[in-house]
Structures are given as structure tokens and as C-alpha cells.
$ cat coords.cif   # mmCIF, C-alpha atoms and all ligand atoms
data_final
#
loop_
_atom_site.label_atom_id
_atom_site.label_comp_id
_atom_site.auth_asym_id
_atom_site.auth_seq_id
_atom_site.Cartn_x
_atom_site.Cartn_y
_atom_site.Cartn_z
CA MET X 1 -43.83 32.89 -0.89
CA ILE X 2 -46.89 31.97 1.11
CA LYS X 3 -49.94 33.42 -0.68
CA PRO X 4 -52.61 35.61 0.98
CA SER X 5 -55.15 32.87 0.23
CA GLU X 6 -53.18 30.43 2.39
CA TYR X 7 -53.14 32.86 5.31
CA GLN X 8 -56.88 33.23 4.83
CA ARG X 9 -57.32 29.47 4.86
CA ARG X 10 -55.35 29.22 8.09
CA ARG X 11 -57.52 31.86 9.75
CA LYS X 12 -60.68 30.08 8.68
CA GLN X 13 -59.43 26.74 9.91
CA LEU X 14 -58.50 28.24 13.26
CA MET X 15 -61.92 29.88 13.57
CA ARG X 16 -63.62 26.58 12.75
CA SER X 17 -61.76 24.80 15.51
CA ALA X 18 -62.38 27.62 18.01
CA GLY X 19 -66.13 27.41 17.34
CA GLU X 20 -68.92 29.96 17.22
CA GLY X 21 -69.16 32.14 20.26
CA ALA X 22 -65.41 32.51 20.49
CA VAL X 23 -63.22 35.48 19.78
CA LEU X 24 -59.52 35.04 19.11
CA ILE X 25 -57.05 37.82 19.80
CA ILE X 26 -53.50 37.63 18.47
CA PRO X 27 -51.22 40.64 18.97
CA ALA X 28 -48.14 41.41 16.88
CA ALA X 29 -44.76 41.24 18.59
CA PRO X 30 -43.72 44.47 20.30
CA GLU X 31 -40.67 46.38 19.11
CA ARG X 32 -37.75 46.01 21.49
CA THR X 33 -35.09 48.50 22.43
CA ARG X 34 -31.50 47.37 22.12
CA ASN X 35 -29.99 50.47 23.68
CA SER X 36 -30.70 54.19 23.68
CA ASP X 37 -32.92 54.82 20.65
CA VAL X 38 -31.66 51.79 18.73
CA LEU X 39 -34.15 48.95 18.25
CA TYR X 40 -33.44 45.26 17.73
CA PRO X 41 -34.27 44.20 14.17
CA TYR X 42 -38.01 43.60 14.21
CA ARG X 43 -39.21 40.01 14.03
CA GLN X 44 -42.93 39.38 13.93
CA HIS X 45 -44.40 36.91 16.44
CA SER X 46 -44.67 33.54 14.74
CA ASP X 47 -48.33 32.97 15.63
CA PHE X 48 -49.24 36.36 14.21
CA LEU X 49 -47.07 35.81 11.16
CA TYR X 50 -48.62 32.38 10.56
CA LEU X 51 -52.10 33.90 10.47
CA THR X 52 -51.41 37.12 8.60
CA GLY X 53 -48.06 37.29 6.82
CA PHE X 54 -48.11 40.85 8.20
CA ARG X 55 -44.68 42.05 9.34
CA GLU X 56 -45.36 45.39 10.97
CA PRO X 57 -45.46 46.02 14.73
CA SER X 58 -48.36 47.74 16.55
CA ALA X 59 -51.04 45.43 15.22
CA VAL X 60 -53.64 43.07 16.65
CA LEU X 61 -55.56 40.39 14.77
CA VAL X 62 -59.07 39.66 15.98
CA LEU X 63 -60.88 36.62 14.63
CA LEU X 64 -64.63 36.31 15.04
CA PRO X 65 -65.87 32.82 14.15
CA GLU X 66 -69.41 32.75 12.85
CA ALA X 67 -71.70 30.27 11.21
CA ARG X 68 -70.72 31.50 7.77
CA GLY X 69 -66.96 31.29 8.10
CA GLY X 70 -66.25 34.23 10.36
CA LYS X 71 -64.48 37.52 10.11
CA ALA X 72 -60.87 38.63 10.33
CA VAL X 73 -60.29 42.12 11.71
CA LEU X 74 -56.86 43.71 11.80
CA PHE X 75 -55.94 46.71 13.88
CA CYS X 76 -52.79 48.24 12.43
CA ARG X 77 -50.93 51.48 11.96
CA GLU X 78 -52.34 53.93 9.47
CA ARG X 79 -50.08 55.00 6.67
CA ASP X 80 -48.13 58.08 7.60
CA ALA X 81 -46.08 59.93 5.00
CA LYS X 82 -43.63 61.26 7.56
CA ARG X 83 -42.97 57.87 9.08
CA GLU X 84 -42.70 56.26 5.66
CA MET X 85 -39.98 58.76 4.84
CA TRP X 86 -37.92 57.37 7.72
CA ASP X 87 -38.90 53.72 7.80
CA GLY X 88 -40.25 52.87 4.34
CA PRO X 89 -43.69 51.83 3.11
CA MET X 90 -46.46 50.72 5.45
CA ALA X 91 -49.48 48.58 4.61
CA GLY X 92 -52.03 50.82 6.28
CA ILE X 93 -55.73 50.09 6.50
CA GLU X 94 -56.10 49.71 2.73
CA GLY X 95 -53.17 47.30 2.47
CA ALA X 96 -54.52 45.18 5.31
CA VAL X 97 -57.76 44.65 3.39
CA ASN X 98 -56.52 44.65 -0.20
CA ASP X 99 -53.20 42.86 0.12
CA HIS X 100 -53.65 40.79 3.27
CA GLY X 101 -57.24 39.69 2.73
CA MET X 102 -58.64 41.08 6.00
CA ASP X 103 -62.40 41.48 6.15
CA GLU X 104 -62.04 44.71 8.09
CA ALA X 105 -59.16 46.86 9.26
CA TYR X 106 -59.05 49.76 11.70
CA PRO X 107 -56.38 52.11 12.99
CA PHE X 108 -54.41 50.71 15.88
CA THR X 109 -55.35 53.83 17.83
CA GLU X 110 -59.00 52.66 17.78
CA LEU X 111 -58.21 49.31 19.42
CA GLU X 112 -59.24 50.45 22.87
CA THR X 113 -62.63 51.71 21.77
CA ARG X 114 -63.47 48.97 19.28
CA LEU X 115 -62.09 45.77 20.75
CA PRO X 116 -64.22 45.76 23.94
CA LYS X 117 -67.32 45.93 21.71
CA LEU X 118 -66.10 42.90 19.75
CA LEU X 119 -65.96 40.93 23.00
CA ARG X 120 -69.66 41.32 23.71
CA ASP X 121 -71.75 38.20 23.33
CA ARG X 122 -68.65 36.09 22.96
CA THR X 123 -68.48 33.37 25.59
CA ARG X 124 -64.87 32.45 25.24
CA ILE X 125 -61.78 34.51 24.51
CA PHE X 126 -58.83 32.72 22.99
CA PHE X 127 -55.74 34.66 23.94
CA ASP X 128 -52.23 33.78 25.14
CA LEU X 129 -51.61 35.59 28.39
CA GLY X 130 -48.07 36.38 29.46
CA GLN X 131 -46.56 37.66 26.22
CA VAL X 132 -47.18 41.40 26.45
CA PRO X 133 -48.03 42.21 30.08
CA GLU X 134 -49.48 45.61 29.21
CA PHE X 135 -51.92 44.04 26.75
CA ASP X 136 -52.86 41.34 29.32
CA ARG X 137 -53.79 44.04 31.80
CA LYS X 138 -55.93 45.91 29.29
CA LEU X 139 -57.77 42.83 28.12
CA ILE X 140 -58.56 41.72 31.66
CA ALA X 141 -59.78 45.23 32.46
CA TRP X 142 -62.09 45.23 29.40
CA VAL X 143 -63.52 41.86 30.30
CA ASN X 144 -64.10 42.92 33.90
CA GLU X 145 -65.72 46.11 32.77
CA LEU X 146 -68.13 44.15 30.55
CA ARG X 147 -68.89 41.69 33.34
CA ASN X 148 -69.50 44.37 35.93
CA ARG X 149 -71.92 46.48 33.93
CA PRO X 150 -75.08 46.64 36.05
CA ARG X 151 -77.67 46.41 33.27
CA LYS X 152 -76.39 44.80 30.18
CA ASP X 153 -78.17 43.54 27.10
CA PHE X 154 -75.25 41.28 26.13
CA HIS X 155 -73.34 38.31 27.47
CA ALA X 156 -69.86 39.03 28.82
CA PRO X 157 -67.10 36.49 28.12
CA ASP X 158 -66.86 33.71 30.72
CA GLU X 159 -63.28 32.68 30.19
CA ILE X 160 -59.92 33.43 28.64
CA VAL X 161 -58.21 30.32 27.29
CA GLY X 162 -54.86 29.82 25.61
CA ILE X 163 -54.81 29.80 21.83
CA ASP X 164 -51.74 27.58 21.67
CA GLN X 165 -53.55 24.23 21.82
CA LEU X 166 -55.46 24.98 18.62
CA LEU X 167 -52.96 27.05 16.74
CA HIS X 168 -49.78 25.22 17.60
CA ASP X 169 -51.16 21.91 16.46
CA MET X 170 -52.00 23.51 13.11
CA ARG X 171 -48.49 24.95 12.87
CA LEU X 172 -46.97 21.52 13.49
CA TYR X 173 -48.34 20.14 10.19
CA LYS X 174 -46.62 21.95 7.34
CA SER X 175 -48.44 22.61 4.09
CA ARG X 176 -46.86 22.13 0.70
CA SER X 177 -45.91 25.81 0.46
CA GLU X 178 -44.45 25.76 3.96
CA ILE X 179 -42.29 22.76 3.08
CA SER X 180 -41.13 24.57 -0.01
CA ALA X 181 -40.18 27.68 2.04
CA MET X 182 -38.33 25.42 4.46
CA ARG X 183 -36.57 23.68 1.60
CA LYS X 184 -35.36 27.05 0.35
CA SER X 185 -34.29 28.07 3.86
CA ALA X 186 -32.34 24.81 4.19
CA ARG X 187 -30.80 25.19 0.74
CA VAL X 188 -29.48 28.65 1.59
CA ALA X 189 -28.11 27.47 4.93
CA ALA X 190 -26.53 24.50 3.15
CA GLU X 191 -24.83 26.89 0.77
CA ALA X 192 -23.51 28.85 3.76
CA HIS X 193 -22.11 25.70 5.37
CA ARG X 194 -20.44 24.61 2.14
CA ARG X 195 -18.93 28.05 1.77
CA ALA X 196 -17.56 27.85 5.33
CA MET X 197 -16.01 24.45 4.62
CA GLN X 198 -14.42 25.69 1.43
CA LEU X 199 -12.96 28.86 2.94
CA CYS X 200 -11.83 27.53 6.31
CA ARG X 201 -8.05 27.53 6.90
CA PRO X 202 -5.92 27.31 10.07
CA GLY X 203 -5.23 30.80 11.40
CA MET X 204 -8.60 32.24 10.40
CA THR X 205 -10.89 33.31 13.21
CA GLU X 206 -14.30 32.00 14.13
CA GLY X 207 -15.50 35.54 13.42
CA GLN X 208 -14.36 35.38 9.81
CA ILE X 209 -16.30 32.16 9.31
CA HIS X 210 -19.32 33.71 11.06
CA ALA X 211 -19.13 36.60 8.58
CA GLU X 212 -19.08 34.18 5.62
CA LEU X 213 -22.24 32.50 6.89
CA LEU X 214 -24.03 35.85 7.14
CA HIS X 215 -22.76 36.73 3.68
CA ALA X 216 -24.44 33.66 2.20
CA PHE X 217 -27.71 34.25 4.09
CA THR X 218 -27.94 37.90 3.17
CA ALA X 219 -27.03 37.36 -0.47
CA HIS X 220 -29.96 34.94 -0.77
CA HIS X 221 -32.70 37.08 0.80
CA CYS X 222 -32.43 35.35 4.15
CA GLU X 223 -31.33 36.25 7.63
CA ALA X 224 -29.90 34.06 10.36
CA SER X 225 -32.65 32.13 12.13
CA TYR X 226 -30.54 32.35 15.33
CA ILE X 227 -27.05 33.56 16.16
CA PRO X 228 -24.65 31.13 14.48
CA ILE X 229 -22.48 28.96 16.68
CA VAL X 230 -18.95 28.86 15.30
CA GLY X 231 -16.87 26.89 17.80
CA GLY X 232 -13.33 25.79 17.08
CA GLY X 233 -11.69 23.07 19.20
CA ALA X 234 -13.07 22.79 22.72
CA ASN X 235 -15.41 25.75 22.13
CA ALA X 236 -17.62 23.15 20.44
CA CYS X 237 -18.26 21.67 23.90
CA VAL X 238 -20.05 24.89 24.92
CA LEU X 239 -23.49 24.14 23.55
CA HIS X 240 -24.61 27.73 23.05
CA TYR X 241 -21.20 29.19 22.20
CA ILE X 242 -21.75 32.44 20.29
CA ALA X 243 -18.67 34.52 21.17
CA ASN X 244 -17.18 33.39 17.84
CA ARG X 245 -13.86 35.20 18.03
CA ASP X 246 -11.10 32.69 18.70
CA GLU X 247 -8.47 31.70 16.19
CA LEU X 248 -8.95 28.37 14.42
CA ALA X 249 -6.06 26.04 15.11
CA ASP X 250 -4.51 23.48 12.79
CA GLY X 251 -5.56 20.03 13.98
CA ASP X 252 -8.79 21.19 15.64
CA LEU X 253 -12.36 20.53 14.59
CA LEU X 254 -14.78 23.35 13.90
CA LEU X 255 -18.44 22.99 14.85
CA ILE X 256 -20.82 25.28 12.99
CA ASP X 257 -24.49 25.38 13.95
CA ALA X 258 -26.16 27.91 11.67
CA GLY X 259 -29.53 28.22 9.99
CA ALA X 260 -31.25 30.66 7.70
CA GLU X 261 -34.72 32.15 7.87
CA TYR X 262 -36.65 32.49 4.64
CA ASP X 263 -40.14 33.97 4.48
CA GLY X 264 -40.30 33.40 8.24
CA TYR X 265 -39.26 29.74 8.10
CA ALA X 266 -36.13 28.49 9.82
CA SER X 267 -33.50 25.98 8.95
CA ASP X 268 -31.11 24.66 11.60
CA ILE X 269 -28.01 22.82 10.42
CA THR X 270 -24.84 21.68 12.18
CA ARG X 271 -21.66 20.30 10.70
CA THR X 272 -18.34 19.56 12.38
CA PHE X 273 -15.28 19.48 10.15
CA PRO X 274 -11.50 19.69 10.50
CA VAL X 275 -10.02 23.18 10.30
CA ASN X 276 -7.17 21.86 8.12
CA GLY X 277 -9.36 19.69 5.92
CA ARG X 278 -8.36 16.24 7.31
CA TYR X 279 -9.95 14.45 10.27
CA SER X 280 -7.36 12.98 12.65
CA GLY X 281 -7.67 9.42 14.00
CA PRO X 282 -9.65 10.09 17.20
CA GLN X 283 -11.72 12.76 15.43
CA ARG X 284 -12.60 10.19 12.78
CA ASP X 285 -13.64 7.58 15.35
CA LEU X 286 -15.91 9.95 17.20
CA TYR X 287 -17.27 11.57 14.03
CA GLU X 288 -18.16 8.24 12.44
CA LEU X 289 -20.02 7.33 15.60
CA VAL X 290 -22.07 10.53 15.69
CA LEU X 291 -22.80 10.15 11.97
CA GLU X 292 -24.00 6.57 12.39
CA ALA X 293 -26.23 7.71 15.26
CA GLN X 294 -27.63 10.49 13.10
CA LEU X 295 -28.35 8.24 10.11
CA LYS X 296 -30.11 5.68 12.33
CA ALA X 297 -32.11 8.44 13.97
CA ILE X 298 -33.12 10.00 10.64
CA ASP X 299 -34.31 6.58 9.51
CA GLN X 300 -36.85 6.68 12.34
CA ALA X 301 -38.48 9.85 10.99
CA ARG X 302 -41.36 7.98 9.41
CA PRO X 303 -45.12 7.92 9.90
CA GLY X 304 -46.09 5.60 12.71
CA GLN X 305 -42.79 5.89 14.55
CA GLN X 306 -42.86 7.82 17.78
CA TRP X 307 -41.00 10.99 18.62
CA ASP X 308 -38.93 9.11 21.22
CA ASP X 309 -37.86 6.49 18.69
CA VAL X 310 -35.68 9.10 16.97
CA HIS X 311 -33.83 9.92 20.17
CA MET X 312 -33.57 6.31 21.30
CA ALA X 313 -32.09 5.21 17.97
CA ALA X 314 -29.33 7.81 18.40
CA VAL X 315 -28.76 7.00 22.04
CA ARG X 316 -28.39 3.28 21.37
CA VAL X 317 -25.76 3.83 18.68
CA LEU X 318 -23.88 6.37 20.79
CA THR X 319 -23.91 4.12 23.84
CA GLN X 320 -22.64 1.07 21.98
CA GLY X 321 -20.05 3.15 20.16
CA MET X 322 -18.70 4.77 23.31
CA LEU X 323 -18.43 1.33 24.93
CA ASP X 324 -16.50 0.07 21.91
CA LEU X 325 -14.16 3.08 22.04
CA GLY X 326 -13.62 2.67 25.80
CA ILE X 327 -15.18 6.05 26.60
CA LEU X 328 -17.87 4.25 28.59
CA LYS X 329 -17.28 1.08 30.58
CA GLY X 330 -19.43 -1.98 31.27
CA GLY X 331 -22.29 -3.68 29.48
CA PHE X 332 -24.69 -2.14 26.95
CA ASP X 333 -27.94 -2.76 28.82
CA GLU X 334 -26.66 -1.31 32.05
CA ALA X 335 -25.07 1.69 30.34
CA LEU X 336 -28.30 2.40 28.50
CA GLU X 337 -30.45 1.85 31.59
CA LYS X 338 -28.31 4.24 33.62
CA LYS X 339 -28.24 6.75 30.76
CA GLN X 340 -24.47 6.92 30.96
CA TYR X 341 -24.42 8.68 27.59
CA LYS X 342 -25.68 11.76 29.42
CA ARG X 343 -22.15 12.50 30.52
CA PHE X 344 -21.29 13.30 26.91
CA TYR X 345 -24.68 13.86 25.30
CA VAL X 346 -26.83 16.20 27.35
CA HIS X 347 -29.36 17.44 24.81
CA ASN X 348 -32.20 15.81 22.97
CA THR X 349 -31.85 14.44 19.44
CA GLY X 350 -34.11 17.06 17.93
CA HIS X 351 -37.04 19.41 18.04
CA TRP X 352 -39.86 20.53 15.76
CA LEU X 353 -38.79 23.08 13.19
CA GLY X 354 -40.87 25.73 11.42
CA LEU X 355 -41.50 29.43 11.89
CA ASP X 356 -39.65 29.06 15.17
CA VAL X 357 -36.35 27.23 15.35
CA HIS X 358 -37.61 25.32 18.34
CA ASP X 359 -41.04 25.17 16.82
CA VAL X 360 -44.38 24.74 18.54
CA GLY X 361 -46.30 21.49 18.88
CA GLU X 362 -46.61 18.89 21.60
CA TYR X 363 -44.10 16.06 21.87
CA THR X 364 -46.37 13.87 23.95
CA ILE X 365 -50.08 13.18 23.80
CA ASP X 366 -51.83 11.90 26.92
CA GLY X 367 -48.45 11.12 28.40
CA HIS X 368 -47.31 9.08 25.39
CA SER X 369 -44.61 9.99 22.93
CA ARG X 370 -46.26 11.47 19.84
CA GLU X 371 -46.58 9.54 16.61
CA LEU X 372 -44.85 11.10 13.63
CA GLU X 373 -47.06 12.05 10.70
CA PRO X 374 -46.46 13.39 7.19
CA GLY X 375 -45.99 17.16 7.21
CA MET X 376 -44.10 17.31 10.49
CA VAL X 377 -40.57 18.70 10.26
CA LEU X 378 -37.95 17.98 12.88
CA THR X 379 -34.23 18.35 13.35
CA VAL X 380 -32.08 15.29 13.96
CA GLU X 381 -28.95 16.37 15.79
CA PRO X 382 -27.05 13.90 17.93
CA GLY X 383 -23.70 14.99 19.31
CA LEU X 384 -20.91 14.10 21.69
CA TYR X 385 -19.07 16.62 23.81
CA ILE X 386 -15.98 15.63 25.79
CA ARG X 387 -14.82 18.51 27.90
CA PRO X 388 -11.11 19.36 27.78
CA ASP X 389 -10.80 18.85 31.55
CA ASP X 390 -12.56 15.47 31.66
CA HIS X 391 -9.83 13.29 33.11
CA ARG X 392 -12.06 10.23 33.27
CA VAL X 393 -11.50 9.62 29.56
CA ARG X 394 -8.29 9.13 27.62
CA LYS X 395 -6.46 12.27 26.61
CA LYS X 396 -7.03 11.76 22.90
CA TRP X 397 -10.79 12.32 23.28
CA ARG X 398 -10.60 15.45 25.42
CA GLY X 399 -11.81 18.72 23.96
CA LEU X 400 -13.69 17.08 21.09
CA GLY X 401 -17.19 18.38 20.45
CA ILE X 402 -19.12 16.96 17.52
CA ARG X 403 -22.70 17.48 16.38
CA ILE X 404 -24.33 16.69 13.06
CA GLU X 405 -27.73 18.26 12.49
CA ASP X 406 -30.14 18.01 9.58
CA ASP X 407 -33.70 19.16 8.96
CA VAL X 408 -36.03 16.32 8.12
CA ALA X 409 -39.60 16.37 6.82
CA VAL X 410 -41.72 13.32 7.57
CA THR X 411 -43.43 12.12 4.39
CA ARG X 412 -45.52 9.11 3.40
CA ASP X 413 -42.32 7.62 2.00
CA GLU X 414 -38.67 8.11 2.91
CA PRO X 415 -37.59 10.81 5.36
CA ASP X 416 -37.02 13.98 3.31
CA VAL X 417 -33.72 15.53 4.41
CA LEU X 418 -34.20 19.19 3.50
CA SER X 419 -30.58 20.04 4.31
CA ARG X 420 -29.03 17.23 2.32
CA GLN X 421 -26.83 19.54 0.22
CA VAL X 422 -24.24 19.89 2.96
CA PRO X 423 -21.77 17.00 2.86
CA LYS X 424 -21.46 14.95 6.01
CA THR X 425 -19.55 11.76 5.31
CA ILE X 426 -15.86 12.10 6.08
CA ALA X 427 -15.01 11.43 2.43
CA ASP X 428 -17.45 14.06 1.13
CA VAL X 429 -16.38 16.73 3.65
CA GLU X 430 -12.70 16.18 2.96
CA ALA X 431 -13.31 16.20 -0.79
CA LEU X 432 -15.17 19.51 -0.66
CA MET X 433 -12.48 21.07 1.54
CA ALA X 434 -9.74 19.87 -0.78
CA ALA X 435 -11.47 21.12 -3.93
N1 LIG S 1 -29.42 25.81 16.84
C1 LIG S 1 -30.24 25.46 17.92
C2 LIG S 1 -30.49 24.03 17.97
O1 LIG S 1 -29.82 23.26 17.32
O2 LIG S 1 -31.40 23.59 18.59
MN MN S 2 -31.57 22.25 16.44
MN MN S 3 -28.77 23.83 15.58
#

$ encode --input "coords.cif" --output "C-alpha cells"
Amino acid sequence: MIKPSEYQRRRKQLMRSAGEGAVLIIPAAPERTRNSDVLYPYRQHSDFLYLTGFREPSAVLVLLPEARGGKAVLFCRERDAKREMWDGPMAGIEGAVNDHGMDEAYPFTELETRLPKLLRDRTRIFFDLGQVPEFDRKLIAWVNELRNRPRKDFHAPDEIVGIDQLLHDMRLYKSRSEISAMRKSARVAAEAHRRAMQLCRPGMTEGQIHAELLHAFTAHHCEASYIPIVGGGANACVLHYIANRDELADGDLLLIDAGAEYDGYASDITRTFPVNGRYSGPQRDLYELVLEAQLKAIDQARPGQQWDDVHMAAVRVLTQGMLDLGILKGGFDEALEKKQYKRFYVHNTGHWLGLDVHDVGEYTIDGHSRELEPGMVLTVEPGLYIRPDDHRVRKKWRGLGIRIEDDVAVTRDEPDVLSRQVPKTIADVEALMAA
């Protein structure tokens, strides 16, 4: 678990980079209605979670940088015995201070009277507009009210600027405890994938496999970090396939893209294996190719390499391999130049991973692909998807969709594959399925 002292350190670091004279405002995620009076399961906003570890809705964090370190103020719900009887324990004002290390905490109901006062004499407000429109409107009204006071003995804020530049760069570099949470999240997801491989049989449904994944997550104090993709046969060619209810046919591949969330941190793993436990000839050829692309791409996840190097390593292997297999025609240079792989490989080779599955952080700096540094965590997930109706390729390739995805931490040394416990060579997958 991430300790309160680490959250405190993050808040202080953020205040230092915002500078004196700033005020930072970070609201909790709103609750969302699913239907009628049923809510979606609550998930805290990742920025808010990163700075507080506080998982309740109806809260706003206000950070006030000062010469001597600054102050963290949390507005949150007061404890309420009646509500606790329905929904369980709440932190309340005392919990915010005692357990979450806030300097001050006030009832959420006092936000409207207290927050405008905290904006006085602050030149710059750091706040991400566009997340909760109602809050945007209020904040702008408070600022305007302060500005338009006829005789004022304070300075009203001059500007509202996004917090993401400062905060999202911090979030990109994972601390030791974040890496260890991500390792746990990956280990649980790996266990779920292994379980799926071991249980899969022709005639089962995608839904049964989906249920097994959730079983493994839930049994290990995790939830799904996104809705699992369980695509048998040509369903694997639908990149965001989540219907997950078809029957799994003998002779087909099954693509599973599923990750766990532990202590807020996501894993994101994909494996593609044969429903009956044995890869057929064409499946083998294509699988070996995607695996080679993935291994070459992972090898690029080192300090000093650029973000684009990871993708380009995968694209080069895939292009050459598809030429060799006759799926693409012509010469390598021309095929690469014309990005012919895009017919079968439409997505990127990865993304940052952290509190969000597609985590925050810039991929380019001043127009150049970003250099990888220790502490960054990315997914490496090349794939090939040949639609069942693609008559430009030989019949044996049609309807094959293959992706292999691992979670990789950049370190000073070798790339650290956090999700390494799920087998991915043909021999290892077949051995596990046969066991
Ligand atoms: N599971 C979402 C992704 O792979 O990006
Ligand atoms: Mn991914
Ligand atoms: Mn994925």
C-alpha cells in the first residue's frame, strides 16, 4: 500500500513546482448514475487519488504553496451515522487530518464559503477545466466575483491554468512503492490469464472465461482495470470487443486482453492462445511473428531510447514478417515507407501505464519523441488483425487476430517485464494448457 507519507510528499513536490502565489484545486470524481437509483461502482479520479489516497466522492483538495512547504486542505463529507449505516464507514474531517495527513479539513458543505477566501492574494489558479462542468462554472464565478469587487484589499487571481503539465509529469515517473503496487497488479492479472489458459476448452463461452478472470481479480483484492476483452476467433479482430458471449470453437484462437487494478494501479495484459491447446500451422506463423515483434520492442524499453523506437522495432519486424509470409507484397523499404502494415496493425505499440490504463504523460517533447527514463512504465502490445472478409490475403490467414501485451518498467538495467508470469512462447502456452 502507498503510505500517507508518500501522498504527503507528492503534494509537497507539486506545490514546489507550482510555486508560491499559486493555489491548486483538485476535485474528486463525481458519482455517476447507471440507471434509476443505481450508481456505477465509484472510482476516484486518478489525479485526486495520486495526491490523497482518498477514495470518497464529494471532496475537493486545495493546495496552498507557501515559503515553508505549503498547506493541504481537504473539503470532504462529514461523518454521518445514518449514511454509514447504508454505505459503510466514512473518513470524515478527523480521518482526513489524522489518517490522510491533511493540514486542515472542512465539511464539503462549507466549500462555497471557504474556497473563494482561499483564492484571495493568489495570482495563479491551477485547475483542470472541463471535468465537472458545474464546478467549472462555480470557480469562474468566484474568480469573477473577486475581480469585480470595487474596493478590495487583496489581489484577485489573474489566470486559471491546467494542472496536468505539472502533475502528469510527476505521475509518469513511478516511485518504488508504485512499481511494487504495479507488480502486484500485474501478478494478479497474470494469475487470471494463466487460469483462463488452464480452464479453456472448446464449447465453453467467452462469458465463462470472462467470469474466471473476474474470479481471479476479486479473490486477490483487485478489480478489473477495464472491461476484459475475451474474443474467440474473428472476434479478436474487433479491437474493443467486450460483448464476450460467443461460444469458443475448436481450432480457433482466443484473444484475452485483461488487467487488474490494485491500490489504484492498473495492469494491462494480452495473450492469444488456441482454444483447444494447440496452435495450427498458420496460427503458429502469425503468432511467432507477433511474438518476435514484441520481444524486439520490449528490448527497446531502455533509458536513452525514444518512445518511437519501441513502436518502430515492432513495425519493422511485422513488416518483414508479413512480406516473408506473402501477406504483404514488394520490398521492405517501400512497404515500411508506405506504412503498409497499417492494413493489419492499426494501433500503436503501447502507452504509459499507471493509475490510468492509458496513463498520463507526454509522448513527445518539443515535437520530438520522448526519451525513456527509469521509473516509466509502458505497455508493449503489437498485434496483427486479419479480418475474416479480407479477400486480398490468402484464406488461411483470414479471421486471425493476435496481440501479445506485457507491462514493462524502464530501469537502469534490463527492461523489467512486470507481467512475465504469463507464458507467451508457443511451447510454454501449450505446456500450461496441457498440464
Ligand atoms: N486494454 C487496453 C489497451 O490495451 O490499451
Ligand atoms: Mn494496452
Ligand atoms: Mn490491453

$ residues_near_point --input "coords.cif" --point "(-21.9, 27.8, 3.0)" --cutoff "12 Å" --atoms "all atoms listed in the file" --output "PyMOL selection string"
chain X and resi 186-200+209-220+256-260+269-271+419+421-423+432-433

$ residues_near_ligand --input "coords.cif" --ligand "ligand LIG 1 (chain S)" --cutoff "10 Å" --atoms "only C-alpha atoms and all ligand atoms" --output "PyMOL selection string"
chain X and resi 225-229+239-240+256-259+267-270+347-353+357-359+379-382+403-406

$ residues_around --input "coords.cif" --residues "X:Glu78" --least-positions-apart "6" --cutoff "6 Å" --atoms "all atoms listed in the file" --output "list in words"
Gly92, Ile93 and Pro107 of chain X

$ closest_atom_pairs --input "coords.cif" --of "stretch 214-293 of chain X" --to "stretch 53-74 of chain X" --cutoff "12 Å" --atoms "all atoms listed in the file" --output "tab-separated table"
residue	atom	partner	partner_atom	distance
X:Asp263	CA	X:Gly53	CA	8.9
X:Gly264	CA	X:Gly53	CA	8.8
X:Tyr265	CA	X:Gly53	CA	11.7

$ residues_around --input "coords.cif" --residues "X:Leu24" --least-positions-apart "4" --cutoff "10 Å" --atoms "only C-alpha atoms" --output "list in words"
Leu14, Met15, Ala18, Leu61, Val62, Leu63, Leu64, Pro65, Ala72, Leu119, Arg122, Arg124, Ile125, Phe126, Phe127, Asp128, Ile160, Val161, Gly162 and Ile163 of chain X

$ closest_residue --input "coords.cif" --among "X:Arg278, X:Gln283, X:Thr272, X:Glu362" --to "ligand MN 3 (chain S)" --atoms "all atoms listed in the file"
X:Thr272

$ atom_distance --input "coords.cif" --atom1 "atom CA of X:Val97" --atom2 "atom CA of X:His221"
26.3 Å

$ atom_distance --input "coords.cif" --atom1 "atom CA of X:Glu112" --atom2 "atom CA of X:Gly88"
26.6 Å

$ residues_near_point --input "coords.cif" --point "(-18.2, 21.5, 21.6)" --cutoff "10 Å" --atoms "all atoms listed in the file" --output "number ranges by chain"
X: 229-241, 253-256, 272, 383-388, 399-403

$ closest_residue --input "coords.cif" --among "X:Glu247, X:Ala266, X:Pro41, X:Ile26" --to "ligand MN 2 (chain S)" --atoms "only C-alpha atoms and all ligand atoms"
X:Ala266

$ atom_distance --input "coords.cif" --atom1 "atom CA of X:Ala156" --atom2 "atom CA of X:Arg11"
23.8 Å

$ closest_residue --input "coords.cif" --among "X:Asp299, X:Asp47, X:Asp407, X:Glu430" --to "ligand MN 3 (chain S)" --atoms "only C-alpha atoms and all ligand atoms"
X:Asp407

$ closest_atom_pairs --input "coords.cif" --of "stretch 336-404 of chain X" --to "stretch 301-313 of chain X" --cutoff "6 Å" --atoms "only C-alpha atoms" --output "CSV"
residue,atom,partner,partner_atom,distance
X:Thr349,CA,X:His311,CA,5.0
X:Ser369,CA,X:Trp307,CA,5.7
X:Arg370,CA,X:Gln306,CA,5.4
X:Glu371,CA,X:Gln306,CA,4.3
X:Leu372,CA,X:Pro303,CA,4.9
X:Glu373,CA,X:Pro303,CA,4.6

$ closest_residue --input "coords.cif" --among "X:Asp99, X:Glu292, X:Asp324, X:Asp366" --to "X:Tyr7" --atoms "all atoms listed in the file"
X:Asp99

$ closest_residue --input "coords.cif" --among "X:Arg9, X:Lys395, X:His168, X:Arg77" --to "X:Phe108" --atoms "only C-alpha atoms"
X:Arg77

$ axis_aligned_box --input "coords.cif" --around "stretch 294-308 of chain X" --padding-each-side "5 Å" --output "AutoDock Vina command-line options"
--center_x -36.9 --center_y 8.3 --center_z 15.3 --size_x 28.5 --size_y 15.4 --size_z 21.8

$ closest_residue --input "coords.cif" --among "X:Gly281, X:Ala224, X:Asn276, X:Glu288" --to "ligand MN 3 (chain S)" --atoms "all atoms listed in the file"
X:Ala224

$ residues_around --input "coords.cif" --residues "X:Leu328" --least-positions-apart "6" --cutoff "9 Å" --atoms "all atoms listed in the file" --output "list of chain:residue names"
X:Thr319, X:Gln320, X:Gly321, X:Met322, X:Ala335, X:Gln340, X:Tyr341, X:Val393

$ build_atoms --input "coords.cif" --residues "stretch 299-307 of chain X" --atoms "N, CA and C atoms" --output "tab-separated table (two decimals), keeping the file's coordinate frame"
chain	number	residue	atom	x	y	z
X	299	ASP	N	-33.52	7.69	10.07
X	299	ASP	CA	-34.31	6.58	9.51
X	299	ASP	C	-35.60	6.33	10.30
X	300	GLN	N	-35.64	6.85	11.53
X	300	GLN	CA	-36.85	6.68	12.34
X	300	GLN	C	-37.92	7.73	12.03
X	301	ALA	N	-37.54	8.74	11.24
X	301	ALA	CA	-38.48	9.85	10.99
X	301	ALA	C	-39.50	9.46	9.94
X	302	ARG	N	-40.36	8.54	10.33
X	302	ARG	CA	-41.36	7.98	9.41
X	302	ARG	C	-42.72	7.94	10.10
X	303	PRO	N	-43.78	7.99	9.31
X	303	PRO	CA	-45.12	7.92	9.90
X	303	PRO	C	-45.26	6.64	10.72
X	304	GLY	N	-45.87	6.78	11.87
X	304	GLY	CA	-46.09	5.60	12.71
X	304	GLY	C	-45.02	5.43	13.77
X	305	GLN	N	-43.82	5.93	13.50
X	305	GLN	CA	-42.79	5.89	14.55
X	305	GLN	C	-43.13	6.97	15.57
X	306	GLN	N	-42.59	6.80	16.76
X	306	GLN	CA	-42.86	7.82	17.78
X	306	GLN	C	-41.70	8.79	17.88
X	307	TRP	N	-42.02	9.96	18.42
X	307	TRP	CA	-41.00	10.99	18.62
X	307	TRP	C	-39.78	10.40	19.35
